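Peer 1: Dropping in model-v7.pdb, which is PDB, C-alpha atoms, pLDDT in the B column:
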ATOM      1  CA  MET B 138       0.000   0.000   0.000  1.00 49.00           C
ATOM      2  CA  PRO B 139       2.661   2.618   0.593  1.00 74.00           C
ATOM      3  CA  TRP B 140       2.748   3.628  -3.076  1.00 85.00           C
ATOM      4  CA  LEU B 141      -0.543   5.442  -3.595  1.00 87.00           C
ATOM      5  CA  GLU B 142       0.673   7.142  -6.767  1.00 86.00           C
ATOM      6  CA  LYS B 143       3.653   5.853  -8.710  1.00 85.00           C
ATOM      7  CA  GLU B 144       5.357   6.504 -12.058  1.00 82.00           C
ATOM      8  CA  GLN B 145       3.980  10.026 -12.437  1.00 84.00           C
ATOM      9  CA  GLU B 146       5.663  12.458 -14.819  1.00 84.00           C
ATOM     10  CA  LYS B 147       7.014  14.588 -12.005  1.00 84.00           C
ATOM     11  CA  PRO B 148       8.695  12.507  -9.288  1.00 80.00           C
ATOM     12  CA  SER B 149       7.237  14.812  -6.647  1.00 80.00           C
ATOM     13  CA  ASP B 150       3.725  13.744  -7.773  1.00 85.00           C
ATOM     14  CA  ASN B 151       4.459  10.180  -6.665  1.00 86.00           C
ATOM     15  CA  LEU B 152       2.896   9.607  -3.270  1.00 87.00           C
ATOM     16  CA  LEU B 153       4.451   7.265  -0.723  1.00 85.00           C
ATOM     17  CA  PHE B 154       2.317   6.491   2.322  1.00 84.00           C
ATOM     18  CA  ILE B 155       3.883   5.249   5.547  1.00 81.00           C
ATOM     19  CA  HIS B 156       1.623   4.345   8.425  1.00 74.00           C
ATOM     20  CA  VAL B 157       0.964   2.126  11.374  1.00 71.00           C
ATOM     21  CA  PRO B 158      -2.048  -0.225  11.384  1.00 73.00           C
ATOM     22  CA  ARG B 159      -5.527   1.052  12.257  1.00 70.00           C
ATOM     23  CA  CYS B 160      -5.114   4.662  11.128  1.00 74.00           C
ATOM     24  CA  GLY B 161      -7.023   4.882   7.857  1.00 75.00           C
ATOM     25  CA  GLY B 162      -4.504   3.356   5.475  1.00 79.00           C
ATOM     26  CA  THR B 163      -6.960   0.918   3.921  1.00 81.00           C
ATOM     27  CA  SER B 164      -9.351   3.751   3.083  1.00 83.00           C
ATOM     28  CA  LEU B 165      -6.570   5.584   1.259  1.00 85.00           C
ATOM     29  CA  MET B 166      -5.525   2.368  -0.447  1.00 86.00           C
ATOM     30  CA  LYS B 167      -9.073   1.872  -1.743  1.00 87.00           C
ATOM     31  CA  HIS B 168      -9.401   5.522  -2.772  1.00 88.00           C
ATOM     32  CA  TYR B 169      -6.215   5.331  -4.854  1.00 90.00           C
ATOM     33  CA  ASN B 170      -7.151   1.881  -6.302  1.00 91.00           C
ATOM     34  CA  VAL B 171      -3.938   0.272  -5.084  1.00 91.00           C
ATOM     35  CA  PRO B 172      -5.352  -3.292  -5.245  1.00 92.00           C
ATOM     36  CA  GLU B 173      -6.189  -2.848  -8.945  1.00 92.00           C
ATOM     37  CA  LYS B 174      -2.857  -1.152  -9.680  1.00 92.00           C
ATOM     38  CA  SER B 175      -0.924  -3.948  -7.984  1.00 92.00           C
ATOM     39  CA  LEU B 176      -2.637  -6.555 -10.207  1.00 93.00           C
ATOM     40  CA  LYS B 177      -1.697  -4.847 -13.460  1.00 91.00           C
ATOM     41  CA  ASN B 178       0.465  -6.981 -15.803  1.00 90.00           C
ATOM     42  CA  LYS B 179       0.689  -9.902 -13.352  1.00 92.00           C
ATOM     43  CA  ALA B 180       0.441 -13.626 -14.113  1.00 93.00           C
ATOM     44  CA  CYS B 181      -2.840 -15.429 -13.367  1.00 94.00           C
ATOM     45  CA  LEU B 182      -1.598 -17.172 -10.214  1.00 93.00           C
ATOM     46  CA  LYS B 183      -0.126 -13.937  -8.886  1.00 93.00           C
ATOM     47  CA  LYS B 184      -3.447 -12.158  -9.532  1.00 94.00           C
ATOM     48  CA  PHE B 185      -5.368 -14.927  -7.777  1.00 95.00           C
ATOM     49  CA  TRP B 186      -3.173 -14.844  -4.652  1.00 94.00           C
ATOM     50  CA  MET B 187      -3.074 -11.038  -4.508  1.00 94.00           C
ATOM     51  CA  LYS B 188      -6.873 -10.920  -4.784  1.00 94.00           C
ATOM     52  CA  THR B 189      -6.983 -13.523  -2.012  1.00 93.00           C
ATOM     53  CA  PHE B 190      -4.708 -11.330   0.103  1.00 92.00           C
ATOM     54  CA  PHE B 191      -6.908  -8.255  -0.391  1.00 92.00           C
ATOM     55  CA  ARG B 192     -10.128 -10.192   0.303  1.00 92.00           C
ATOM     56  CA  ARG B 193      -8.652 -11.696   3.450  1.00 91.00           C
ATOM     57  CA  TYR B 194      -7.288  -8.309   4.524  1.00 88.00           C
ATOM     58  CA  ALA B 195     -10.745  -6.747   4.122  1.00 88.00           C
ATOM     59  CA  LEU B 196     -12.353  -9.662   5.939  1.00 91.00           C
ATOM     60  CA  LEU B 197      -9.968  -9.341   8.887  1.00 89.00           C
ATOM     61  CA  GLU B 198     -10.647  -5.608   9.054  1.00 85.00           C
ATOM     62  CA  ARG B 199     -14.292  -6.345   9.815  1.00 87.00           C
ATOM     63  CA  ASN B 200     -13.909  -9.402  12.015  1.00 90.00           C
ATOM     64  CA  ASN B 201     -11.084 -10.684  14.225  1.00 90.00           C
ATOM     65  CA  PHE B 202     -12.264 -14.301  14.110  1.00 94.00           C
ATOM     66  CA  PRO B 203     -14.263 -14.716  10.864  1.00 94.00           C
ATOM     67  CA  ILE B 204     -16.493 -17.745  11.333  1.00 94.00           C
ATOM     68  CA  TRP B 205     -19.298 -17.016   8.828  1.00 94.00           C
ATOM     69  CA  THR B 206     -17.345 -16.784   5.576  1.00 93.00           C
ATOM     70  CA  GLU B 207     -17.641 -18.242   2.082  1.00 93.00           C
ATOM     71  CA  GLY B 208     -14.440 -20.195   2.626  1.00 93.00           C
ATOM     72  CA  ASN B 209     -15.706 -21.745   5.842  1.00 96.00           C
ATOM     73  CA  ALA B 210     -18.985 -22.647   4.113  1.00 97.00           C
ATOM     74  CA  ALA B 211     -16.994 -24.489   1.429  1.00 97.00           C
ATOM     75  CA  LEU B 212     -14.913 -26.218   4.109  1.00 97.00           C
ATOM     76  CA  PHE B 213     -18.087 -27.270   5.934  1.00 98.00           C
ATOM     77  CA  PHE B 214     -19.453 -28.683   2.664  1.00 98.00           C
ATOM     78  CA  ILE B 215     -16.234 -30.677   2.121  1.00 97.00           C
ATOM     79  CA  PHE B 216     -16.381 -31.877   5.735  1.00 97.00           C
ATOM     80  CA  VAL B 217     -19.975 -33.096   5.295  1.00 97.00           C
ATOM     81  CA  ILE B 218     -19.144 -34.868   2.019  1.00 95.00           C
ATOM     82  CA  GLY B 219     -16.183 -36.552   3.734  1.00 94.00           C
ATOM     83  CA  CYS B 220     -18.433 -37.698   6.592  1.00 94.00           C
ATOM     84  CA  PHE B 221     -20.974 -39.005   4.081  1.00 92.00           C
ATOM     85  CA  LEU B 222     -18.298 -40.899   2.126  1.00 91.00           C
ATOM     86  CA  LEU B 223     -16.981 -42.376   5.366  1.00 89.00           C
ATOM     87  CA  GLN B 224     -20.415 -43.875   6.136  1.00 89.00           C
ATOM     88  CA  ILE B 225     -20.613 -45.831   2.886  1.00 85.00           C
ATOM     89  CA  GLN B 226     -19.549 -49.389   3.696  1.00 76.00           C
ATOM     90  CA  ASP B 227     -18.378 -50.702   0.332  1.00 75.00           C
ATOM     91  CA  ILE B 228     -16.197 -47.800  -0.718  1.00 75.00           C
ATOM     92  CA  ASP B 229     -12.592 -47.656  -1.788  1.00 81.00           C
ATOM     93  CA  TYR B 230     -12.331 -43.953  -0.988  1.00 83.00           C
ATOM     94  CA  ARG B 231     -12.041 -44.242   2.806  1.00 88.00           C
ATOM     95  CA  ALA B 232      -8.604 -42.550   2.800  1.00 90.00           C
ATOM     96  CA  LEU B 233      -9.965 -39.722   0.634  1.00 91.00           C
ATOM     97  CA  ALA B 234     -12.889 -39.248   3.012  1.00 93.00           C
ATOM     98  CA  LEU B 235     -10.537 -39.048   5.996  1.00 94.00           C
ATOM     99  CA  VAL B 236      -8.306 -36.541   4.207  1.00 95.00           C
ATOM    100  CA  MET B 237     -11.344 -34.412   3.338  1.00 96.00           C
ATOM    101  CA  ILE B 238     -12.536 -34.420   6.953  1.00 97.00           C
ATOM    102  CA  ILE B 239      -9.138 -33.749   8.525  1.00 97.00           C
ATOM    103  CA  MET B 240      -8.019 -31.094   6.031  1.00 97.00           C
ATOM    104  CA  SER B 241     -11.307 -29.190   6.097  1.00 98.00           C
ATOM    105  CA  PHE B 242     -11.281 -29.197   9.910  1.00 97.00           C
ATOM    106  CA  PHE B 243      -7.671 -27.999  10.151  1.00 97.00           C
ATOM    107  CA  LEU B 244      -8.156 -25.328   7.477  1.00 96.00           C
ATOM    108  CA  PHE B 245     -11.254 -24.097   9.314  1.00 97.00           C
ATOM    109  CA  VAL B 246      -9.332 -23.825  12.592  1.00 96.00           C
ATOM    110  CA  PHE B 247      -6.283 -22.188  10.991  1.00 94.00           C
ATOM    111  CA  LEU B 248      -8.207 -19.664   8.868  1.00 94.00           C
ATOM    112  CA  THR B 249     -10.700 -18.805  11.609  1.00 95.00           C
ATOM    113  CA  PHE B 250      -8.630 -18.801  14.796  1.00 95.00           C
ATOM    114  CA  ILE B 251      -4.898 -19.044  14.097  1.00 94.00           C
ATOM    115  CA  PHE B 252      -3.985 -17.122  10.919  1.00 92.00           C
ATOM    116  CA  VAL B 253      -5.934 -14.032  11.976  1.00 93.00           C
ATOM    117  CA  ALA B 254      -4.715 -10.595  13.032  1.00 87.00           C
ATOM    118  CA  PRO B 255      -4.966 -11.020  16.844  1.00 89.00           C
ATOM    119  CA  THR B 256      -2.829 -14.179  16.877  1.00 92.00           C
ATOM    120  CA  ILE B 257      -0.463 -13.283  14.025  1.00 89.00           C
ATOM    121  CA  CYS B 258       0.330  -9.952  15.670  1.00 84.00           C
ATOM    122  CA  ARG B 259       0.737 -11.241  19.212  1.00 89.00           C
ATOM    123  CA  ILE B 260       2.181 -14.751  19.005  1.00 93.00           C
ATOM    124  CA  LEU B 261       5.623 -14.752  17.392  1.00 93.00           C
ATOM    125  CA  PRO B 262       5.805 -18.454  16.357  1.00 94.00           C
ATOM    126  CA  ILE B 263       2.419 -18.172  14.617  1.00 94.00           C
ATOM    127  CA  ARG B 264       3.510 -14.960  12.900  1.00 93.00           C
ATOM    128  CA  ARG B 265       6.722 -16.594  11.679  1.00 94.00           C
ATOM    129  CA  ALA B 266       4.854 -19.694  10.479  1.00 93.00           C
ATOM    130  CA  TYR B 267       2.419 -17.505   8.541  1.00 93.00           C
ATOM    131  CA  LEU B 268       5.204 -15.421   6.968  1.00 93.00           C
ATOM    132  CA  ILE B 269       7.180 -18.538   6.015  1.00 94.00           C
ATOM    133  CA  PHE B 270       4.006 -19.988   4.489  1.00 93.00           C
ATOM    134  CA  VAL B 271       3.240 -16.957   2.314  1.00 92.00           C
ATOM    135  CA  HIS B 272       6.871 -16.392   1.337  1.00 94.00           C
ATOM    136  CA  TYR B 273       8.191 -19.881   0.657  1.00 95.00           C
ATOM    137  CA  ILE B 274       5.225 -22.238   0.260  1.00 94.00           C
ATOM    138  CA  LEU B 275       3.103 -19.778  -1.737  1.00 91.00           C
ATOM    139  CA  CYS B 276       6.258 -18.709  -3.624  1.00 93.00           C
ATOM    140  CA  ARG B 277       5.853 -14.988  -2.844  1.00 94.00           C
ATOM    141  CA  TRP B 278       2.599 -14.811  -4.797  1.00 93.00           C
ATOM    142  CA  MET B 279       0.986 -12.677  -2.078  1.00 93.00           C
ATOM    143  CA  GLU B 280       3.358  -9.751  -2.486  1.00 94.00           C
ATOM    144  CA  CYS B 281       3.586  -6.858  -4.888  1.00 93.00           C
ATOM    145  CA  ILE B 282       6.942  -5.182  -4.462  1.00 92.00           C
ATOM    146  CA  ASP B 283       6.088  -2.603  -7.148  1.00 91.00           C
ATOM    147  CA  TYR B 284       3.489  -1.060  -4.829  1.00 92.00           C
ATOM    148  CA  VAL B 285       4.937  -2.421  -1.555  1.00 91.00           C
ATOM    149  CA  THR B 286       1.743  -4.263  -0.703  1.00 91.00           C
ATOM    150  CA  GLY B 287       0.820  -7.800   0.189  1.00 92.00           C
ATOM    151  CA  SER B 288       2.695 -10.087   2.539  1.00 92.00           C
ATOM    152  CA  ASN B 289       6.009 -11.922   2.532  1.00 94.00           C
ATOM    153  CA  LYS B 290       8.699 -12.999   5.016  1.00 95.00           C
ATOM    154  CA  HIS B 291       9.196  -9.372   6.075  1.00 94.00           C
ATOM    155  CA  GLY B 292       5.590  -9.064   7.249  1.00 90.00           C
ATOM    156  CA  TYR B 293       2.608  -7.115   6.013  1.00 89.00           C
ATOM    157  CA  LEU B 294       4.271  -4.834   3.493  1.00 90.00           C
ATOM    158  CA  PRO B 295       1.747  -1.986   3.878  1.00 86.00           C
ATOM    159  CA  HIS B 296       2.821  -1.621   7.509  1.00 86.00           C
ATOM    160  CA  LEU B 297       6.581  -1.456   7.047  1.00 88.00           C
ATOM    161  CA  THR B 298       8.410   1.561   8.424  1.00 86.00           C
ATOM    162  CA  ALA B 299      10.333   3.863   6.097  1.00 86.00           C
ATOM    163  CA  LYS B 300      13.603   2.422   7.425  1.00 90.00           C
ATOM    164  CA  LYS B 301      12.508  -1.152   6.678  1.00 92.00           C
ATOM    165  CA  MET B 302      11.363  -0.183   3.173  1.00 91.00           C
ATOM    166  CA  LEU B 303      14.858   1.183   2.554  1.00 92.00           C
ATOM    167  CA  ASP B 304      16.625  -1.731   4.285  1.00 95.00           C
ATOM    168  CA  TYR B 305      14.727  -4.338   2.236  1.00 95.00           C
ATOM    169  CA  GLU B 306      15.259  -2.209  -0.917  1.00 93.00           C
ATOM    170  CA  TYR B 307      11.552  -1.891  -1.691  1.00 93.00           C
ATOM    171  CA  VAL B 308      12.139   1.837  -2.071  1.00 90.00           C
ATOM    172  CA  SER B 309      15.465   3.313  -3.147  1.00 90.00           C
ATOM    173  CA  GLN B 310      17.196   6.263  -1.506  1.00 91.00           C
ATOM    174  CA  GLU B 311      16.604   8.268  -4.699  1.00 89.00           C
ATOM    175  CA  GLU B 312      12.893   7.529  -4.688  1.00 87.00           C
ATOM    176  CA  MET B 313      12.671   8.451  -1.027  1.00 86.00           C
ATOM    177  CA  LYS B 314      14.356  11.785  -1.696  1.00 86.00           C
ATOM    178  CA  THR B 315      12.204  12.756  -4.681  1.00 87.00           C
ATOM    179  CA  VAL B 316       8.698  11.594  -3.777  1.00 85.00           C
ATOM    180  CA  SER B 317       6.064  13.297  -1.742  1.00 82.00           C
ATOM    181  CA  SER B 318       5.586  11.215   1.349  1.00 73.00           C
ATOM    182  CA  LEU B 319       2.778  11.052   3.823  1.00 72.00           C
ATOM    183  CA  ALA B 320       2.942   9.550   7.293  1.00 71.00           C
ATOM    184  CA  ILE B 321       0.159   9.080   9.794  1.00 71.00           C
ATOM    185  CA  VAL B 322       0.865   8.416  13.430  1.00 68.00           C
ATOM    186  CA  ARG B 323      -1.998   7.813  15.792  1.00 68.00           C
ATOM    187  CA  ASN B 324      -2.273   8.393  19.493  1.00 66.00           C
ATOM    188  CA  PRO B 325      -2.401   4.909  21.055  1.00 62.00           C
ATOM    189  CA  TYR B 326      -4.317   6.275  24.042  1.00 67.00           C
ATOM    190  CA  ALA B 327      -7.144   7.848  22.047  1.00 58.00           C
TER     191      ALA B 327
END
Write out the structure in this file as structure tokens.

Peer 2:
Amino acid sequence: MPWLEKEQEKPSDNLLFIHVPRCGGTSLMKHYNVPEKSLKNKACLKKFWMKTFFRRYALLERNNFPIWTEGNAALFFIFVIGCFLLQIQDIDYRALALVMIIMSFFLFVFLTFIFVAPTICRILPIRRAYLIFVHYILCRWMECIDYVTGSNKHGYLPHLTAKKMLDYEYVSQEEMKTVSSLAIVRNPYA
């Protein structure tokens, strides 16, 4: 999200946004169409995972532990089908039924209670597991370095500090010197 405007004719018209969570950054991101910009000229799998990131991000903005979701409905359906298949006596798909039941249950628990903002932010081993998952297992498909948005092993890219953006080389020193930048800091006691 930090790049709200990028590749403008005048470098000073480029707008870099640096913020902490919960201070209006998502509203600015939506206003400047950053999700759509970050999908431009990307491969199909990259588009799919970035759209998944933005949908999940929006979902977690509304609900800390999202139980009633489309994904959980699909997992419940898979769970029920697995239970049904398990009840059929003369079936060769017993292993498949068990996999369906176990995987749908674990995905439900992970997506509803473990890989959510309150636990990712507060429990370091869960945070590291999530970041390793999105960086290495999902092959960095949930990141858009061009707009410094998404998620990878460095964390939620929209919430990086200016120093971290420079350290990880997401923004160059030259870009930092020439762009207009905007930072929002909120009062944690308000």

Peer 1: Can you tell me how far atom CA of B:Trp205 sits from atom CA of B:Phe242, in Å to one decimal?

Peer 2: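 If I compute the distance from atom CA of B:Trp205 to atom CA of B:Phe242, I get 14.6 Å.
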
Peer 1: Here's a test: counting all atoms listed in the file, identify every protein, DNA and RNA residue with an atom at most 12 Å from (-10.9, -26.0, 9.7) in the file's coordinate frame, and state them as number ranges by chain.

Peer 2: B: 203-204, 206, 208-216, 237-252

Peer 1: Interatomic distance between atom CA of B:Lys183 and atom CA of B:Val271?

Peer 2: 12.1 Å

Peer 1: Please determine an axis-aligned box that encloses all atoms of stretch 304-310 of chain B listed in the file, with 4 Å added on each side, and express its centre and edge lengths in Å to one decimal as lines of an AutoDock Vina configuration file.

Peer 2:
center_x = 14.4
center_y = 1.0
center_z = 0.6
size_x = 13.6
size_y = 18.6
size_z = 15.4

Peer 1: Contacts of stretch 172-181 of chain B at 9 Å or less, counting only C-alpha atoms, minus same-chain residues fewer than 2 places along, as a PDB file with C-alpha atoms, in the frame of the given file?

Peer 2:
ATOM      1  CA  MET B 138       0.000   0.000   0.000  1.00 49.00           C
ATOM      2  CA  MET B 166      -5.525   2.368  -0.447  1.00 86.00           C
ATOM      3  CA  LYS B 167      -9.073   1.872  -1.743  1.00 87.00           C
ATOM      4  CA  TYR B 169      -6.215   5.331  -4.854  1.00 90.00           C
ATOM      5  CA  ASN B 170      -7.151   1.881  -6.302  1.00 91.00           C
ATOM      6  CA  LYS B 183      -0.126 -13.937  -8.886  1.00 93.00           C
ATOM      7  CA  LYS B 184      -3.447 -12.158  -9.532  1.00 94.00           C
ATOM      8  CA  PHE B 185      -5.368 -14.927  -7.777  1.00 95.00           C
ATOM      9  CA  TRP B 186      -3.173 -14.844  -4.652  1.00 94.00           C
ATOM     10  CA  MET B 187      -3.074 -11.038  -4.508  1.00 94.00           C
ATOM     11  CA  LYS B 188      -6.873 -10.920  -4.784  1.00 94.00           C
ATOM     12  CA  PHE B 191      -6.908  -8.255  -0.391  1.00 92.00           C
ATOM     13  CA  CYS B 281       3.586  -6.858  -4.888  1.00 93.00           C
ATOM     14  CA  ILE B 282       6.942  -5.182  -4.462  1.00 92.00           C
ATOM     15  CA  ASP B 283       6.088  -2.603  -7.148  1.00 91.00           C
ATOM     16  CA  TYR B 284       3.489  -1.060  -4.829  1.00 92.00           C
ATOM     17  CA  VAL B 285       4.937  -2.421  -1.555  1.00 91.00           C
ATOM     18  CA  THR B 286       1.743  -4.263  -0.703  1.00 91.00           C
TER      19      THR B 286
END

Peer 1: Which is closest to B:Gly287 among B:Ser317, B:Asp304, B:His272, B:His156, if we use only C-alpha atoms?

Peer 2: B:His272

Peer 1: With distances taken over all atoms listed in the file, which residue among B:Tyr194, B:Ile155, B:Arg199, B:Leu182 lies nearest B:Trp140?

Peer 2: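 Among the listed residues, the smallest separation from B:Trp140 belongs to B:Ile155.
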
Peer 1: Could you check which of B:Ala234, B:Gly292, B:Ile274, B:Leu153 is closest to B:Leu141, using all atoms listed in the file?

Peer 2: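 Distance minimum relative to B:Leu141 lands on B:Leu153.
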
Peer 1: Quote the spacing between atom CA of B:Phe270 and atom CA of B:Ser288 in Å to one decimal place.

Peer 2: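 Value for the atom CA of B:Phe270-atom CA of B:Ser288 distance: 10.2 Å.
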
Peer 1: Carefully work through the PyMOL selection byres ((chain B and resi 151) around 8) for this structure and note down the residues it includes, as a list in words.

Peer 2: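 Here the PyMOL selection byres ((chain B and resi 151) around 8) matches Trp140, Leu141, Glu142, Lys143, Glu144, Gln145, Lys147, Pro148, Ser149, Asp150, Leu152, Leu153, Val316 and Ser317 of chain B.
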
Peer 1: If we count only C-alpha atoms, what is near B:Pro255 at a cut-off of 12 Å, once residues fewer than 6 positions away on the same chain are taken out, given as a count of residues only?

Peer 2: 10
